[in-house]
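Visitor: I am attaching a structure below and will ask some questions about it afterwards.
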Amino acid sequence: MDHLMALWASLVREEGPAHASAVLHTHAQASLVHGVIENAARAVWLLGPDERPARVQRRLALQIKEVKDSTKLHSRFNAQPARDEETRLDEVRRLALAAGASVHTLKTFLAAPQYSKIVEEGGAHTTLGGELILTLWSACSSLAHGDINGTFGLLRHEIVSQDDDTALTRVTGNFSMLRYTTQAGVHLIDRALALYTQRAVEP
């Protein structure tokens with residue numbers, strides 16, 4: 001939701017009580033939508049399975065990843081976390097065993113997938129489907145990282161002038177892409193909130 005608010009703030013310019021304009025950016029707004037889709041898909045991925053043990057397993061797997069990422073970040077700042085990594089990992093492992101994991105399958109039980117898999121599997125819990133959500137997320141990712149293929153394949157561009165093999169090209173934002181990817185992000189958020197409401201009332 002925070003990414004959506006930032007997108008709105010970057011897009012809409014209120015110029016008076018009855019007049020507003022929209023400002024399209026080439027890459028930055030795609031970065032915001034990328035965050036919307038990825039985070040909303042993660043929420044749907046966490047809440048999607050009907051079986052509560054599967055939802056617990058996914059949350060614990062993400063916690064293992066977060067603990068390891070936190071350790072790396074502290075190390076880069078030459079800082080010491082409040083609790084060491086092994087203590088925090090042991091805590092998660094105990095929770096996993098209490099949730100039904102066996103000692104022999106603990107490593108697999110606590111393995112988190114790549115974000116592309118999370119996005120696809122989260123999207124599969126929506127009417128848009130996992131493949132489309134993954135495609136839209138990948139398109140936003142391409143622009144978010146400034147990829148040349150994404151810049152020329154997804155944005156509007158025109159050759160202003162050309163000298164031998166060198167072309168001066170004007171690149172502008174693509175409103176249709178921004179619209180459809182944002183709609184997909186909103187769709188995922190709505191699905192995540194609906195699943196949250198549903199899971200909150202179940203025993």
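Please note that chains go A, B, ... in the order of the structure tokens, that every chain numbers its residues from 1, and that ligands are numbered from 1 in the order shown.
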Taking the backbone alone, and naming residues the way the document does, which bits of segment 7-162 of chain A are strand (DSSP E) by DSSP, as a list of chain:residue names?
Guide: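 Going through segment 7-162 of chain A, the strand (DSSP E) residues come out as A:Val12, A:Arg13, A:Glu14, A:Glu15, A:Gly16, A:His19, A:Ala20, A:Ser21, A:Ala22, A:Arg156, A:His157, A:Glu158, A:Ile159, A:Val160, A:Ser161, A:Gln162.
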Visitor: Using only C-alpha atoms, which residue out of A:Leu60, A:Ile133, A:Ala200, A:Ala28 lies closest to Val186 of chain A?
Guide: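 Distance minimum relative to Val186 of chain A lands on A:Ile133.
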Visitor: Counting only C-alpha atoms, which residue out of A:Val44, A:Ala167, A:Val160, A:Leu136 sits closest to Ala30 of chain A?
Guide: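 Using only C-alpha atoms, the shortest distance to Ala30 of chain A belongs to A:Leu136.
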Visitor: Kindly indicate which residue among A:Arg59, A:Thr108, A:His145, A:Leu178 lies nearest to Leu95 of chain A, using only C-alpha atoms for the distances.
Guide: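 Selected residue with least distance to Leu95 of chain A: A:Arg59.
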Visitor: Please list as a PyMOL selection string every residue within 12 Å of Gly35 of chain A, counting only C-alpha atoms and excluding residues in the same chain fewer than 6 positions away.
Guide: chain A and resi 1-7+28-29+41-42+115+119+136-138+140-141+144+181-182+184-186+188-189
Visitor: Of the candidates A:Lys68, A:His19, A:His157, A:Arg94, which shows the shortest atom-to-atom distance to Pro81 of chain A, using only C-alpha atoms?
Guide: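 Using only C-alpha atoms, the shortest distance to Pro81 of chain A belongs to A:Lys68.
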Visitor: Please run DSSP on the backbone and report, as a ChimeraX atom specification, all residues within segment 112-178 of chain A that come out as helix (DSSP H, G or I).
Guide: /A:115-123,130-144,148-154,175-178
Visitor: Determine, counting only C-alpha atoms, which protein, DNA and RNA residues have an atom within 6 Å of an atom of Val12 of chain A; residues of the same chain fewer than 2 positions away are not included. Present the result as a PyMOL selection string.
Guide: chain A and resi 8-9+21-22
Visitor: Report, in Å to a single decimal, how far apart atom CA of Thr135 of chain A and atom CA of Glu66 of chain A are.
Guide: 25.8 Å
Visitor: Find, counting only C-alpha atoms, the residue in A:Leu24, A:Leu193, A:Val103, A:Leu11 that gets nearest to Thr172 of chain A.
Guide: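 Once distances to Thr172 of chain A are computed over only C-alpha atoms, the minimum belongs to A:Leu24.
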Visitor: Counting only C-alpha atoms, which residue out of A:Ala101, A:Glu91, A:Ala194, A:His125 sits closest to Pro53 of chain A?
Guide: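 Under the stated criterion, the closest residue is A:Ala101.
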Visitor: Give me, please, the distance in Å between atom CA of Leu46 of chain A and atom CA of Leu62 of chain A, quoted to one decimal.
Guide: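 Taking atom CA of Leu46 of chain A and atom CA of Leu62 of chain A, their separation equals 9.4 Å.
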Visitor: Near Arg55 of chain A, counting only C-alpha atoms, which residues have an atom at most 12 Å away, once you skip same-chain residues fewer than 2 positions from it, shown as a ChimeraX atom specification?
Guide: /A:42-53,57-62,96,99,109,195-196,199
Visitor: Could you save the residues just selected, with N, CA, C and O atoms, as a short mmCIF file (atom, residue, chain, number, x, y, z; two decimals), in the first residue's frame?
Guide:
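The resulting file, selection.cif, is reproduced below:
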data_model
loop_
_atom_site.label_atom_id
_atom_site.label_comp_id
_atom_site.auth_asym_id
_atom_site.auth_seq_id
_atom_site.Cartn_x
_atom_site.Cartn_y
_atom_site.Cartn_z
N ARG A 42 3.67 -11.83 -2.29
CA ARG A 42 4.22 -12.55 -1.14
C ARG A 42 3.15 -12.75 -0.07
O ARG A 42 3.06 -13.82 0.53
N ALA A 43 2.35 -11.71 0.17
CA ALA A 43 1.27 -11.85 1.15
C ALA A 43 0.27 -12.92 0.72
O ALA A 43 -0.16 -13.74 1.54
N VAL A 44 -0.09 -12.93 -0.57
CA VAL A 44 -1.01 -13.95 -1.08
C VAL A 44 -0.37 -15.33 -0.98
O VAL A 44 -1.03 -16.31 -0.62
N TRP A 45 0.91 -15.42 -1.29
CA TRP A 45 1.64 -16.70 -1.20
C TRP A 45 1.62 -17.24 0.22
O TRP A 45 1.42 -18.43 0.45
N LEU A 46 1.79 -16.34 1.20
CA LEU A 46 1.78 -16.75 2.60
C LEU A 46 0.40 -17.21 3.05
O LEU A 46 0.27 -18.16 3.82
N LEU A 47 -0.63 -16.53 2.59
CA LEU A 47 -1.99 -16.78 3.06
C LEU A 47 -2.77 -17.74 2.18
O LEU A 47 -3.86 -18.18 2.55
N GLY A 48 -2.23 -18.07 1.00
CA GLY A 48 -2.99 -18.81 0.00
C GLY A 48 -3.37 -20.23 0.36
O GLY A 48 -4.54 -20.62 0.16
N PRO A 49 -2.46 -21.06 0.87
CA PRO A 49 -2.82 -22.47 1.11
C PRO A 49 -3.98 -22.61 2.10
O PRO A 49 -4.03 -21.90 3.11
N ASP A 50 -4.90 -23.51 1.81
CA ASP A 50 -6.02 -23.75 2.71
C ASP A 50 -5.56 -24.41 4.00
O ASP A 50 -6.18 -24.23 5.05
N GLU A 51 -4.49 -25.20 3.93
CA GLU A 51 -4.00 -25.93 5.10
C GLU A 51 -3.13 -25.01 5.96
O GLU A 51 -2.13 -24.47 5.49
N ARG A 52 -3.50 -24.86 7.22
CA ARG A 52 -2.76 -23.97 8.11
C ARG A 52 -1.29 -24.37 8.25
O ARG A 52 -0.42 -23.50 8.26
N PRO A 53 -0.96 -25.68 8.38
CA PRO A 53 0.47 -26.04 8.49
C PRO A 53 1.30 -25.55 7.31
O PRO A 53 2.47 -25.19 7.48
N GLN A 57 4.49 -23.15 7.60
CA GLN A 57 5.77 -23.55 7.01
C GLN A 57 6.35 -22.43 6.14
O GLN A 57 7.55 -22.14 6.20
N ARG A 58 5.52 -21.80 5.34
CA ARG A 58 6.00 -20.73 4.46
C ARG A 58 6.50 -19.54 5.28
O ARG A 58 7.54 -18.93 4.94
N ARG A 59 5.79 -19.20 6.34
CA ARG A 59 6.24 -18.06 7.16
C ARG A 59 7.57 -18.36 7.83
O ARG A 59 8.45 -17.51 7.91
N LEU A 60 7.72 -19.58 8.33
CA LEU A 60 8.98 -19.94 8.99
C LEU A 60 10.14 -19.98 8.00
O LEU A 60 11.26 -19.59 8.33
N ALA A 61 9.87 -20.45 6.78
CA ALA A 61 10.91 -20.48 5.75
C ALA A 61 11.39 -19.07 5.43
O ALA A 61 12.59 -18.82 5.27
N LEU A 62 10.45 -18.11 5.35
CA LEU A 62 10.84 -16.72 5.11
C LEU A 62 11.63 -16.17 6.29
O LEU A 62 12.55 -15.36 6.11
N ALA A 96 9.54 -24.87 13.88
CA ALA A 96 9.27 -25.75 12.75
C ALA A 96 8.98 -27.18 13.22
O ALA A 96 8.06 -27.84 12.74
N ALA A 99 5.70 -27.36 14.60
CA ALA A 99 4.67 -27.27 13.56
C ALA A 99 4.52 -28.55 12.77
O ALA A 99 3.68 -28.64 11.86
N PHE A 109 12.08 -28.26 4.75
CA PHE A 109 10.90 -27.59 5.30
C PHE A 109 11.12 -26.09 5.41
O PHE A 109 10.20 -25.30 5.19
N LEU A 195 -7.94 -12.75 1.75
CA LEU A 195 -7.40 -13.96 2.38
C LEU A 195 -7.08 -13.71 3.85
O LEU A 195 -7.32 -14.58 4.70
N TYR A 196 -6.57 -12.53 4.15
CA TYR A 196 -6.27 -12.21 5.55
C TYR A 196 -7.54 -12.24 6.39
O TYR A 196 -7.56 -12.80 7.50
N ARG A 199 -8.59 -15.96 6.77
CA ARG A 199 -7.75 -16.75 7.67
C ARG A 199 -7.87 -16.28 9.12
O ARG A 199 -7.72 -17.08 10.05
#
Visitor: What gap, in Å, lies between atom CA of Leu134 of chain A and atom CA of His187 of chain A?
Guide: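 Interatomic distance here is 13.7 Å.
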